[in-house]
file work-v4.pdb (PDB, C-alpha atoms, pLDDT in the B column)
ATOM      1  CA  MET A1245      35.190 -30.760  -5.364  1.00 45.00           C
ATOM      2  CA  ARG A1246      37.964 -32.307  -3.251  1.00 44.00           C
ATOM      3  CA  THR A1247      35.444 -34.752  -1.740  1.00 44.00           C
ATOM      4  CA  ILE A1248      34.238 -35.814  -5.176  1.00 41.00           C
ATOM      5  CA  LEU A1249      37.797 -36.335  -6.442  1.00 39.00           C
ATOM      6  CA  ILE A1250      38.679 -38.490  -3.420  1.00 41.00           C
ATOM      7  CA  ALA A1251      35.537 -40.512  -3.914  1.00 44.00           C
ATOM      8  CA  ALA A1252      36.351 -40.940  -7.599  1.00 43.00           C
ATOM      9  CA  PHE A1253      39.770 -42.412  -6.787  1.00 41.00           C
ATOM     10  CA  THR A1254      38.059 -44.724  -4.302  1.00 44.00           C
ATOM     11  CA  ALA A1255      35.588 -45.812  -6.975  1.00 44.00           C
ATOM     12  CA  VAL A1256      38.417 -46.709  -9.346  1.00 41.00           C
ATOM     13  CA  ALA A1257      40.091 -48.777  -6.638  1.00 43.00           C
ATOM     14  CA  LEU A1258      36.855 -50.588  -5.856  1.00 43.00           C
ATOM     15  CA  ALA A1259      36.316 -51.341  -9.532  1.00 42.00           C
ATOM     16  CA  CYS A1260      39.572 -53.271  -9.532  1.00 43.00           C
ATOM     17  CA  SER A1261      38.215 -55.510  -6.754  1.00 44.00           C
ATOM     18  CA  PRO A1262      34.840 -56.776  -8.029  1.00 47.00           C
ATOM     19  CA  VAL A1263      32.053 -57.161  -5.469  1.00 47.00           C
ATOM     20  CA  HIS A1264      29.375 -59.803  -5.864  1.00 51.00           C
ATOM     21  CA  ALA A1265      26.113 -58.174  -6.928  1.00 56.00           C
ATOM     22  CA  ASP A1266      24.297 -59.501  -3.864  1.00 62.00           C
ATOM     23  CA  GLU A1267      26.830 -57.739  -1.636  1.00 81.00           C
ATOM     24  CA  ALA A1268      26.637 -54.342  -3.343  1.00 91.00           C
ATOM     25  CA  LYS A1269      26.023 -51.384  -1.053  1.00 96.00           C
ATOM     26  CA  PRO A1270      22.894 -49.383  -1.951  1.00 97.00           C
ATOM     27  CA  PHE A1271      23.126 -45.648  -2.517  1.00 97.00           C
ATOM     28  CA  ALA A1272      19.905 -45.109  -0.536  1.00 97.00           C
ATOM     29  CA  THR A1273      17.541 -46.970   1.790  1.00 97.00           C
ATOM     30  CA  ALA A1274      13.960 -46.581   2.986  1.00 97.00           C
ATOM     31  CA  LYS A1275      15.295 -44.200   5.630  1.00 96.00           C
ATOM     32  CA  THR A1276      16.456 -41.743   2.989  1.00 95.00           C
ATOM     33  CA  VAL A1277      13.695 -42.373   0.414  1.00 97.00           C
ATOM     34  CA  ASP A1278      10.474 -43.207   2.267  1.00 97.00           C
ATOM     35  CA  LEU A1279       7.980 -44.420  -0.320  1.00 98.00           C
ATOM     36  CA  LEU A1280       5.262 -44.632   2.335  1.00 98.00           C
ATOM     37  CA  THR A1281       5.187 -40.841   2.346  1.00 97.00           C
ATOM     38  CA  LEU A1282       5.799 -40.387  -1.389  1.00 96.00           C
ATOM     39  CA  LEU A1283       3.304 -42.810  -2.949  1.00 98.00           C
ATOM     40  CA  LYS A1284      -0.408 -43.107  -2.393  1.00 97.00           C
ATOM     41  CA  PRO A1285      -1.512 -46.460  -0.936  1.00 97.00           C
ATOM     42  CA  PRO A1286      -2.414 -49.216  -3.413  1.00 98.00           C
ATOM     43  CA  PRO A1287      -6.036 -49.701  -4.496  1.00 98.00           C
ATOM     44  CA  ALA A1288      -8.124 -51.671  -2.019  1.00 97.00           C
ATOM     45  CA  ASN A1289      -8.589 -55.357  -2.792  1.00 97.00           C
ATOM     46  CA  ASP A1290     -12.356 -54.929  -3.163  1.00 96.00           C
ATOM     47  CA  SER A1291     -12.156 -51.741  -5.239  1.00 98.00           C
ATOM     48  CA  ALA A1292     -13.433 -51.248  -8.765  1.00 98.00           C
ATOM     49  CA  GLN A1293      -9.884 -50.332  -9.772  1.00 98.00           C
ATOM     50  CA  THR A1294      -8.467 -53.664  -8.626  1.00 98.00           C
ATOM     51  CA  ARG A1295     -11.238 -55.529 -10.434  1.00 98.00           C
ATOM     52  CA  ALA A1296     -10.461 -53.581 -13.601  1.00 98.00           C
ATOM     53  CA  GLU A1297      -6.759 -54.309 -13.219  1.00 98.00           C
ATOM     54  CA  LEU A1298      -7.507 -58.000 -12.780  1.00 98.00           C
ATOM     55  CA  ALA A1299      -9.534 -57.913 -15.995  1.00 98.00           C
ATOM     56  CA  GLU A1300      -6.500 -56.465 -17.808  1.00 98.00           C
ATOM     57  CA  VAL A1301      -4.260 -59.247 -16.495  1.00 98.00           C
ATOM     58  CA  LEU A1302      -6.766 -61.918 -17.507  1.00 98.00           C
ATOM     59  CA  THR A1303      -7.180 -60.392 -20.969  1.00 98.00           C
ATOM     60  CA  LEU A1304      -3.415 -60.409 -21.497  1.00 98.00           C
ATOM     61  CA  GLN A1305      -3.296 -63.986 -20.264  1.00 98.00           C
ATOM     62  CA  VAL A1306      -5.318 -65.129 -23.279  1.00 97.00           C
ATOM     63  CA  THR A1307      -3.920 -62.668 -25.841  1.00 98.00           C
ATOM     64  CA  ARG A1308      -0.174 -62.628 -25.136  1.00 97.00           C
ATOM     65  CA  THR A1309       1.948 -64.342 -27.762  1.00 98.00           C
ATOM     66  CA  PRO A1310       4.809 -66.797 -27.148  1.00 97.00           C
ATOM     67  CA  ASP A1311       7.241 -63.985 -27.982  1.00 97.00           C
ATOM     68  CA  MET A1312       5.608 -61.711 -25.396  1.00 98.00           C
ATOM     69  CA  GLU A1313       5.861 -64.465 -22.795  1.00 98.00           C
ATOM     70  CA  ALA A1314       9.511 -65.060 -23.648  1.00 98.00           C
ATOM     71  CA  GLN A1315      10.325 -61.364 -23.210  1.00 97.00           C
ATOM     72  CA  ALA A1316       8.502 -61.249 -19.882  1.00 98.00           C
ATOM     73  CA  GLN A1317      10.375 -64.325 -18.702  1.00 98.00           C
ATOM     74  CA  ALA A1318      13.739 -62.875 -19.754  1.00 97.00           C
ATOM     75  CA  ASP A1319      12.986 -59.630 -17.941  1.00 97.00           C
ATOM     76  CA  VAL A1320      12.639 -61.439 -14.627  1.00 97.00           C
ATOM     77  CA  GLU A1321      16.397 -60.895 -14.447  1.00 96.00           C
ATOM     78  CA  GLU A1322      17.208 -57.645 -12.647  1.00 96.00           C
ATOM     79  CA  ASN A1323      20.384 -56.114 -14.058  1.00 96.00           C
ATOM     80  CA  VAL A1324      21.483 -53.430 -16.474  1.00 98.00           C
ATOM     81  CA  TRP A1325      22.492 -56.001 -19.114  1.00 97.00           C
ATOM     82  CA  ARG A1326      18.809 -56.329 -20.022  1.00 97.00           C
ATOM     83  CA  PHE A1327      19.420 -53.090 -21.964  1.00 98.00           C
ATOM     84  CA  ALA A1328      21.941 -54.823 -24.260  1.00 97.00           C
ATOM     85  CA  ASN A1329      19.495 -54.937 -27.158  1.00 95.00           C
ATOM     86  CA  VAL A1330      19.486 -51.130 -27.372  1.00 97.00           C
ATOM     87  CA  MET A1331      23.095 -50.500 -26.333  1.00 97.00           C
ATOM     88  CA  GLY A1332      24.867 -52.498 -29.026  1.00 95.00           C
ATOM     89  CA  PRO A1333      27.463 -55.315 -29.208  1.00 95.00           C
ATOM     90  CA  ALA A1334      30.128 -53.464 -27.180  1.00 96.00           C
ATOM     91  CA  PHE A1335      27.832 -53.419 -24.136  1.00 97.00           C
ATOM     92  CA  LYS A1336      29.387 -56.421 -22.372  1.00 95.00           C
ATOM     93  CA  GLN A1337      29.903 -57.012 -18.663  1.00 95.00           C
ATOM     94  CA  GLU A1338      33.445 -58.336 -19.026  1.00 95.00           C
ATOM     95  CA  ALA A1339      34.509 -55.145 -20.805  1.00 95.00           C
ATOM     96  CA  LEU A1340      32.939 -52.789 -18.242  1.00 98.00           C
ATOM     97  CA  PRO A1341      34.090 -53.686 -14.694  1.00 97.00           C
ATOM     98  CA  ALA A1342      33.640 -50.250 -13.107  1.00 97.00           C
ATOM     99  CA  PHE A1343      30.314 -49.728 -14.861  1.00 98.00           C
ATOM    100  CA  SER A1344      29.149 -53.185 -13.750  1.00 97.00           C
ATOM    101  CA  SER A1345      30.056 -52.610 -10.100  1.00 97.00           C
ATOM    102  CA  PHE A1346      28.380 -49.214 -10.161  1.00 98.00           C
ATOM    103  CA  PHE A1347      25.121 -50.623 -11.512  1.00 98.00           C
ATOM    104  CA  ASP A1348      25.217 -53.432  -8.944  1.00 98.00           C
ATOM    105  CA  ARG A1349      24.875 -50.648  -6.379  1.00 98.00           C
ATOM    106  CA  VAL A1350      22.082 -48.996  -8.358  1.00 98.00           C
ATOM    107  CA  VAL A1351      20.161 -52.293  -8.439  1.00 98.00           C
ATOM    108  CA  ALA A1352      20.774 -52.895  -4.728  1.00 97.00           C
ATOM    109  CA  THR A1353      19.275 -49.477  -4.031  1.00 98.00           C
ATOM    110  CA  GLU A1354      15.903 -50.537  -5.422  1.00 98.00           C
ATOM    111  CA  GLY A1355      15.510 -53.395  -2.965  1.00 97.00           C
ATOM    112  CA  ALA A1356      16.692 -51.330  -0.015  1.00 98.00           C
ATOM    113  CA  VAL A1357      14.070 -48.665  -0.746  1.00 98.00           C
ATOM    114  CA  VAL A1358      11.159 -50.673  -2.132  1.00 98.00           C
ATOM    115  CA  ASP A1359      11.053 -53.848  -0.027  1.00 97.00           C
ATOM    116  CA  PRO A1360      10.112 -52.110   3.254  1.00 97.00           C
ATOM    117  CA  ALA A1361       7.165 -50.382   1.530  1.00 98.00           C
ATOM    118  CA  LYS A1362       6.023 -53.672  -0.003  1.00 98.00           C
ATOM    119  CA  ASP A1363       6.088 -55.241   3.465  1.00 97.00           C
ATOM    120  CA  VAL A1364       3.843 -52.509   4.881  1.00 98.00           C
ATOM    121  CA  TRP A1365       1.272 -52.352   2.069  1.00 98.00           C
ATOM    122  CA  LYS A1366       1.216 -56.112   1.383  1.00 97.00           C
ATOM    123  CA  ARG A1367      -0.854 -55.789  -1.778  1.00 98.00           C
ATOM    124  CA  PRO A1368      -1.574 -59.282  -3.144  1.00 98.00           C
ATOM    125  CA  ARG A1369      -0.271 -60.164  -6.576  1.00 98.00           C
ATOM    126  CA  PRO A1370      -2.744 -61.136  -9.296  1.00 98.00           C
ATOM    127  CA  HIS A1371      -2.299 -64.883  -8.753  1.00 97.00           C
ATOM    128  CA  GLN A1372      -2.855 -64.399  -5.022  1.00 97.00           C
ATOM    129  CA  TYR A1373      -5.962 -62.337  -5.676  1.00 96.00           C
ATOM    130  CA  SER A1374      -7.563 -64.737  -8.167  1.00 97.00           C
ATOM    131  CA  GLN A1375      -7.007 -68.409  -8.938  1.00 96.00           C
ATOM    132  CA  LEU A1376      -7.855 -67.615 -12.552  1.00 98.00           C
ATOM    133  CA  VAL A1377      -4.467 -65.935 -12.986  1.00 98.00           C
ATOM    134  CA  LYS A1378      -1.709 -68.184 -14.308  1.00 97.00           C
ATOM    135  CA  PRO A1379       1.529 -66.175 -14.452  1.00 97.00           C
ATOM    136  CA  ALA A1380       3.862 -66.806 -17.359  1.00 97.00           C
ATOM    137  CA  VAL A1381       6.885 -65.851 -15.247  1.00 97.00           C
ATOM    138  CA  LYS A1382       8.517 -67.070 -12.053  1.00 94.00           C
ATOM    139  CA  ILE A1383       6.116 -66.777  -9.110  1.00 94.00           C
ATOM    140  CA  SER A1384       6.837 -64.225  -6.389  1.00 92.00           C
ATOM    141  CA  ASN A1385       4.791 -63.862  -3.229  1.00 91.00           C
ATOM    142  CA  SER A1386       6.246 -60.624  -1.889  1.00 94.00           C
ATOM    143  CA  GLY A1387       4.020 -57.564  -1.793  1.00 97.00           C
ATOM    144  CA  ALA A1388       3.010 -56.349  -5.248  1.00 98.00           C
ATOM    145  CA  TYR A1389       3.049 -52.595  -4.666  1.00 98.00           C
ATOM    146  CA  PRO A1390       5.131 -50.924  -5.937  1.00 98.00           C
ATOM    147  CA  SER A1391       6.651 -53.215  -8.555  1.00 98.00           C
ATOM    148  CA  GLY A1392      10.329 -53.674  -7.739  1.00 98.00           C
ATOM    149  CA  HIS A1393      11.192 -54.717 -11.294  1.00 98.00           C
ATOM    150  CA  THR A1394       9.523 -51.611 -12.688  1.00 98.00           C
ATOM    151  CA  THR A1395      11.249 -49.446 -10.104  1.00 98.00           C
ATOM    152  CA  VAL A1396      14.689 -50.787 -10.921  1.00 98.00           C
ATOM    153  CA  GLY A1397      14.020 -50.745 -14.671  1.00 98.00           C
ATOM    154  CA  THR A1398      13.032 -47.083 -14.508  1.00 98.00           C
ATOM    155  CA  LEU A1399      15.954 -46.250 -12.219  1.00 98.00           C
ATOM    156  CA  MET A1400      18.468 -48.004 -14.466  1.00 98.00           C
ATOM    157  CA  GLY A1401      16.946 -46.404 -17.540  1.00 98.00           C
ATOM    158  CA  ILE A1402      17.259 -42.885 -16.151  1.00 98.00           C
ATOM    159  CA  VAL A1403      20.860 -43.337 -15.034  1.00 98.00           C
ATOM    160  CA  LEU A1404      21.899 -45.129 -18.227  1.00 98.00           C
ATOM    161  CA  SER A1405      20.229 -42.565 -20.488  1.00 98.00           C
ATOM    162  CA  ASN A1406      22.044 -39.788 -18.642  1.00 98.00           C
ATOM    163  CA  MET A1407      25.302 -41.549 -19.461  1.00 98.00           C
ATOM    164  CA  VAL A1408      24.355 -42.011 -23.113  1.00 98.00           C
ATOM    165  CA  PRO A1409      21.861 -39.257 -23.983  1.00 98.00           C
ATOM    166  CA  GLU A1410      22.325 -40.112 -27.668  1.00 97.00           C
ATOM    167  CA  LYS A1411      20.233 -43.209 -26.999  1.00 98.00           C
ATOM    168  CA  ARG A1412      17.797 -41.744 -24.468  1.00 98.00           C
ATOM    169  CA  PRO A1413      14.583 -42.500 -26.422  1.00 98.00           C
ATOM    170  CA  GLU A1414      15.566 -46.143 -27.001  1.00 98.00           C
ATOM    171  CA  ILE A1415      16.812 -46.631 -23.439  1.00 98.00           C
ATOM    172  CA  MET A1416      13.675 -45.193 -21.836  1.00 98.00           C
ATOM    173  CA  ALA A1417      11.429 -47.171 -24.179  1.00 98.00           C
ATOM    174  CA  ARG A1418      13.277 -50.303 -23.027  1.00 98.00           C
ATOM    175  CA  ALA A1419      12.850 -49.268 -19.383  1.00 98.00           C
ATOM    176  CA  TRP A1420       9.113 -48.831 -19.930  1.00 98.00           C
ATOM    177  CA  ALA A1421       8.862 -52.242 -21.602  1.00 97.00           C
ATOM    178  CA  TYR A1422      10.699 -53.787 -18.646  1.00 97.00           C
ATOM    179  CA  GLY A1423       7.850 -52.693 -16.389  1.00 97.00           C
ATOM    180  CA  GLU A1424       5.139 -53.515 -18.892  1.00 98.00           C
ATOM    181  CA  ASN A1425       6.383 -57.086 -19.049  1.00 98.00           C
ATOM    182  CA  ARG A1426       5.387 -57.560 -15.416  1.00 98.00           C
ATOM    183  CA  VAL A1427       1.725 -57.085 -16.344  1.00 98.00           C
ATOM    184  CA  ILE A1428       2.110 -59.185 -19.474  1.00 98.00           C
ATOM    185  CA  GLY A1429       3.665 -61.919 -17.353  1.00 98.00           C
ATOM    186  CA  GLY A1430       0.681 -61.812 -15.007  1.00 98.00           C
ATOM    187  CA  ILE A1431       2.724 -61.108 -11.887  1.00 98.00           C
ATOM    188  CA  HIS A1432       1.691 -57.462 -11.310  1.00 98.00           C
ATOM    189  CA  PHE A1433      -1.307 -55.172 -11.579  1.00 98.00           C
ATOM    190  CA  ARG A1434      -1.250 -51.899 -13.529  1.00 98.00           C
ATOM    191  CA  ALA A1435      -1.109 -49.690 -10.415  1.00 98.00           C
ATOM    192  CA  ASP A1436       2.013 -51.562  -9.260  1.00 98.00           C
ATOM    193  CA  ILE A1437       3.732 -50.590 -12.504  1.00 98.00           C
ATOM    194  CA  GLU A1438       2.684 -46.946 -12.328  1.00 98.00           C
ATOM    195  CA  ALA A1439       3.901 -46.686  -8.727  1.00 98.00           C
ATOM    196  CA  GLY A1440       7.179 -48.381  -9.686  1.00 98.00           C
ATOM    197  CA  ARG A1441       7.838 -45.794 -12.381  1.00 98.00           C
ATOM    198  CA  ILE A1442       7.280 -43.009  -9.882  1.00 98.00           C
ATOM    199  CA  ALA A1443       9.472 -44.744  -7.305  1.00 98.00           C
ATOM    200  CA  GLY A1444      12.299 -45.283  -9.779  1.00 98.00           C
ATOM    201  CA  THR A1445      12.207 -41.632 -10.800  1.00 98.00           C
ATOM    202  CA  VAL A1446      12.203 -40.408  -7.198  1.00 98.00           C
ATOM    203  CA  ILE A1447      15.083 -42.708  -6.239  1.00 98.00           C
ATOM    204  CA  ALA A1448      17.105 -41.538  -9.251  1.00 98.00           C
ATOM    205  CA  ALA A1449      16.605 -37.887  -8.310  1.00 97.00           C
ATOM    206  CA  ASN A1450      17.677 -38.600  -4.736  1.00 97.00           C
ATOM    207  CA  ILE A1451      20.840 -40.563  -5.391  1.00 97.00           C
ATOM    208  CA  MET A1452      22.049 -38.445  -8.306  1.00 96.00           C
ATOM    209  CA  ALA A1453      22.495 -35.552  -5.862  1.00 94.00           C
ATOM    210  CA  GLN A1454      24.928 -37.520  -3.678  1.00 95.00           C
ATOM    211  CA  PRO A1455      28.686 -36.858  -4.016  1.00 96.00           C
ATOM    212  CA  GLU A1456      29.435 -40.578  -3.600  1.00 95.00           C
ATOM    213  CA  PHE A1457      27.068 -41.425  -6.447  1.00 97.00           C
ATOM    214  CA  GLN A1458      28.443 -38.630  -8.633  1.00 97.00           C
ATOM    215  CA  ALA A1459      32.001 -39.885  -8.222  1.00 97.00           C
ATOM    216  CA  GLU A1460      31.249 -43.487  -9.135  1.00 98.00           C
ATOM    217  CA  TYR A1461      28.882 -42.366 -11.890  1.00 98.00           C
ATOM    218  CA  ALA A1462      31.651 -40.304 -13.525  1.00 98.00           C
ATOM    219  CA  VAL A1463      34.019 -43.284 -13.626  1.00 98.00           C
ATOM    220  CA  ALA A1464      31.328 -45.666 -14.913  1.00 98.00           C
ATOM    221  CA  LYS A1465      30.157 -43.202 -17.543  1.00 98.00           C
ATOM    222  CA  ALA A1466      33.653 -42.605 -18.866  1.00 98.00           C
ATOM    223  CA  GLU A1467      34.297 -46.355 -19.101  1.00 98.00           C
ATOM    224  CA  LEU A1468      30.991 -46.978 -20.887  1.00 98.00           C
ATOM    225  CA  ARG A1469      31.328 -44.174 -23.398  1.00 98.00           C
ATOM    226  CA  LYS A1470      34.883 -45.252 -24.249  1.00 97.00           C
ATOM    227  CA  ALA A1471      33.712 -48.838 -24.800  1.00 97.00           C
ATOM    228  CA  LEU A1472      30.876 -47.628 -27.037  1.00 97.00           C
ATOM    229  CA  GLY A1473      33.219 -45.351 -28.991  1.00 96.00           C
ATOM    230  CA  LEU A1474      31.422 -42.175 -27.909  1.00 94.00           C
TER
END

call {"tool": "encode", "arguments": {"input": "work-v4.pdb", "output": "structure tokens"}}
result
Amino acid sequence: MRTILIAAFTAVALACSPVHADEAKPFATAKTVDLLTLLKPPPANDSAQTRAELAEVLTLQVTRTPDMEAQAQADVEENVWRFANVMGPAFKQEALPAFSSFFDRVVATEGAVVDPAKDVWKRPRPHQYSQLVKPAVKISNSGAYPSGHTTVGTLMGIVLSNMVPEKRPEIMARAWAYGENRVIGGIHFRADIEAGRIAGTVIAANIMAQPEFQAEYAVAKAELRKALGL
């Protein structure tokens, strides 16, 4: 308990000195959450599953609406403010400095855990696999598996819904849509999304057990709930 209280005071002090999101310290890395041992490898490039997943991407390419494309393009951004449409008008970065700094660390955790696994598996993205694929979102050529956007969307959704359980169904539906938009945008295959949801859940379970996380989480949660009038 004493350790958590000390960490909480530290978190408050840090919140008063904002850190750029790119410099945020992750709560975990690939050394503490090894996705290579937690996820099955991606489908082989010449597998029936990959061909079926390509067919899904190509079908969406000709059936997605302008609104669907716009949502997929907006969700390229990786931060908790993408949940604003379900959190309400009081959910503003300038009003939530401790919360914002805390979620910068949550987002940084995704890259620290997922990127090393991507580099090992090196699954091609749909546009790399087939010239027929024309993504509707910004091109990325990093490994496709697991989807980093889906991982961080799931991770943020779990943590945010724990802070505001009153909105859990809406928050988790938004987190799921965040991942789904990567297939709609033509930048990921279905298996990448499924693996990202597993990865995000595993990362959440790991970091939520850490005293350092718990201390900063408590401060961020209190600030958020006060701002939302809860």

call {"tool": "residues_near_point", "arguments": {"input": "work-v4.pdb", "point": "(-0.8, -48.8, -11.9)", "cutoff": "10 Å", "atoms": "all atoms listed in the file", "output": "PyMOL selection string"}}
result
chain A and resi 1286-1287+1293-1294+1297+1389-1391+1427+1432-1441

call {"tool": "residues_near_point", "arguments": {"input": "work-v4.pdb", "point": "(3.7, -54.2, -0.7)", "cutoff": "8 Å", "atoms": "all atoms listed in the file", "output": "list in words"}}
result
Asp1359, Pro1360, Ala1361, Lys1362, Asp1363, Val1364, Trp1365, Lys1366, Arg1367, Pro1368, Ser1386, Gly1387, Ala1388, Tyr1389 and Pro1390 of chain A

call {"tool": "closest_residue", "arguments": {"input": "work-v4.pdb", "among": "A:Pro1370, A:Pro1310, A:Gly1423, A:Pro1341", "to": "Asn1289 in chain A", "atoms": "only C-alpha atoms"}}
result
A:Pro1370

call {"tool": "closest_residue", "arguments": {"input": "work-v4.pdb", "among": "A:Leu1404, A:Leu1468, A:Val1446, A:Leu1298", "to": "Arg1369 in chain A", "atoms": "all atoms listed in the file"}}
result
A:Leu1298

call {"tool": "closest_residue", "arguments": {"input": "work-v4.pdb", "among": "A:Asn1323, A:Gln1458, A:Asn1329, A:Asn1450", "to": "Ser1345 in chain A", "atoms": "all atoms listed in the file"}}
result
A:Asn1323

call {"tool": "atom_distance", "arguments": {"input": "work-v4.pdb", "atom1": "CA of Ala1453 in chain A", "atom2": "CA of Ala1419 in chain A"}}
result
21.5 Å

call {"tool": "residues_around", "arguments": {"input": "work-v4.pdb", "residues": "Phe1271 in chain A", "least_positions_apart": "5", "cutoff": "9 Å", "atoms": "all atoms listed in the file", "output": "JSON list (two decimals) with C-alpha atoms, keeping the file's coordinate frame"}}
result
[["chain", "number", "residue", "atom", "x", "y", "z"],
["A", 1349, "ARG", "CA", 24.88, -50.65, -6.38],
["A", 1350, "VAL", "CA", 22.08, -49.00, -8.36],
["A", 1352, "ALA", "CA", 20.77, -52.90, -4.73],
["A", 1353, "THR", "CA", 19.27, -49.48, -4.03],
["A", 1356, "ALA", "CA", 16.69, -51.33, -0.02],
["A", 1451, "ILE", "CA", 20.84, -40.56, -5.39],
["A", 1454, "GLN", "CA", 24.93, -37.52, -3.68],
["A", 1456, "GLU", "CA", 29.44, -40.58, -3.60],
["A", 1457, "PHE", "CA", 27.07, -41.42, -6.45]]

call {"tool": "resolve_selection", "arguments": {"input": "work-v4.pdb", "expression": "the PyMOL selection byres ((chain A and resi 1332) around 12)", "output": "list of chain:residue names"}}
result
A:Trp1325, A:Arg1326, A:Phe1327, A:Ala1328, A:Asn1329, A:Val1330, A:Met1331, A:Pro1333, A:Ala1334, A:Phe1335, A:Lys1336, A:Lys1411, A:Glu1414, A:Ile1415, A:Leu1468, A:Arg1469, A:Ala1471, A:Leu1472, A:Gly1473

call {"tool": "resolve_selection", "arguments": {"input": "work-v4.pdb", "expression": "the PyMOL selection byres ((chain A and resi 1398) around 8)", "output": "JSON, numbers by chain"}}
result
{"A": [1394, 1395, 1396, 1397, 1399, 1400, 1401, 1402, 1416, 1419, 1420, 1423, 1440, 1441, 1444, 1445]}

call {"tool": "atom_distance", "arguments": {"input": "work-v4.pdb", "atom1": "CA of Ser1405 in chain A", "atom2": "CA of Val1320 in chain A"}}
result
21.2 Å

call {"tool": "closest_residue", "arguments": {"input": "work-v4.pdb", "among": "A:Val1408, A:Leu1279, A:Ile1447, A:Arg1418", "to": "Lys1470 in chain A", "atoms": "all atoms listed in the file"}}
result
A:Val1408

call {"tool": "atom_distance", "arguments": {"input": "work-v4.pdb", "atom1": "CA of Ile1428 in chain A", "atom2": "CA of Asn1385 in chain A"}}
result
17.1 Å

call {"tool": "axis_aligned_box", "arguments": {"input": "work-v4.pdb", "around": "range 1379-1389 of chain A", "padding_each_side": "8 Å", "output": "AutoDock Vina command-line options"}}
result
--center_x 5.0 --center_y -59.8 --center_z -9.6 --size_x 23.0 --size_y 30.5 --size_z 31.6

call {"tool": "resolve_selection", "arguments": {"input": "work-v4.pdb", "expression": "the PyMOL selection byres ((chain A and resi 1273) around 9)", "output": "PyMOL selection string"}}
result
chain A and resi 1270-1272+1274-1278+1353-1358

call {"tool": "write_last_selection", "arguments": {"input": "work-v4.pdb", "atoms": "C-alpha atoms", "output": "JSON list (two decimals), in the frame of the given file"}}
result
[["chain", "number", "residue", "atom", "x", "y", "z"],
["A", 1270, "PRO", "CA", 22.89, -49.38, -1.95],
["A", 1271, "PHE", "CA", 23.13, -45.65, -2.52],
["A", 1272, "ALA", "CA", 19.90, -45.11, -0.54],
["A", 1274, "ALA", "CA", 13.96, -46.58, 2.99],
["A", 1275, "LYS", "CA", 15.30, -44.20, 5.63],
["A", 1276, "THR", "CA", 16.46, -41.74, 2.99],
["A", 1277, "VAL", "CA", 13.70, -42.37, 0.41],
["A", 1278, "ASP", "CA", 10.47, -43.21, 2.27],
["A", 1353, "THR", "CA", 19.27, -49.48, -4.03],
["A", 1354, "GLU", "CA", 15.90, -50.54, -5.42],
["A", 1355, "GLY", "CA", 15.51, -53.40, -2.96],
["A", 1356, "ALA", "CA", 16.69, -51.33, -0.02],
["A", 1357, "VAL", "CA", 14.07, -48.66, -0.75],
["A", 1358, "VAL", "CA", 11.16, -50.67, -2.13]]
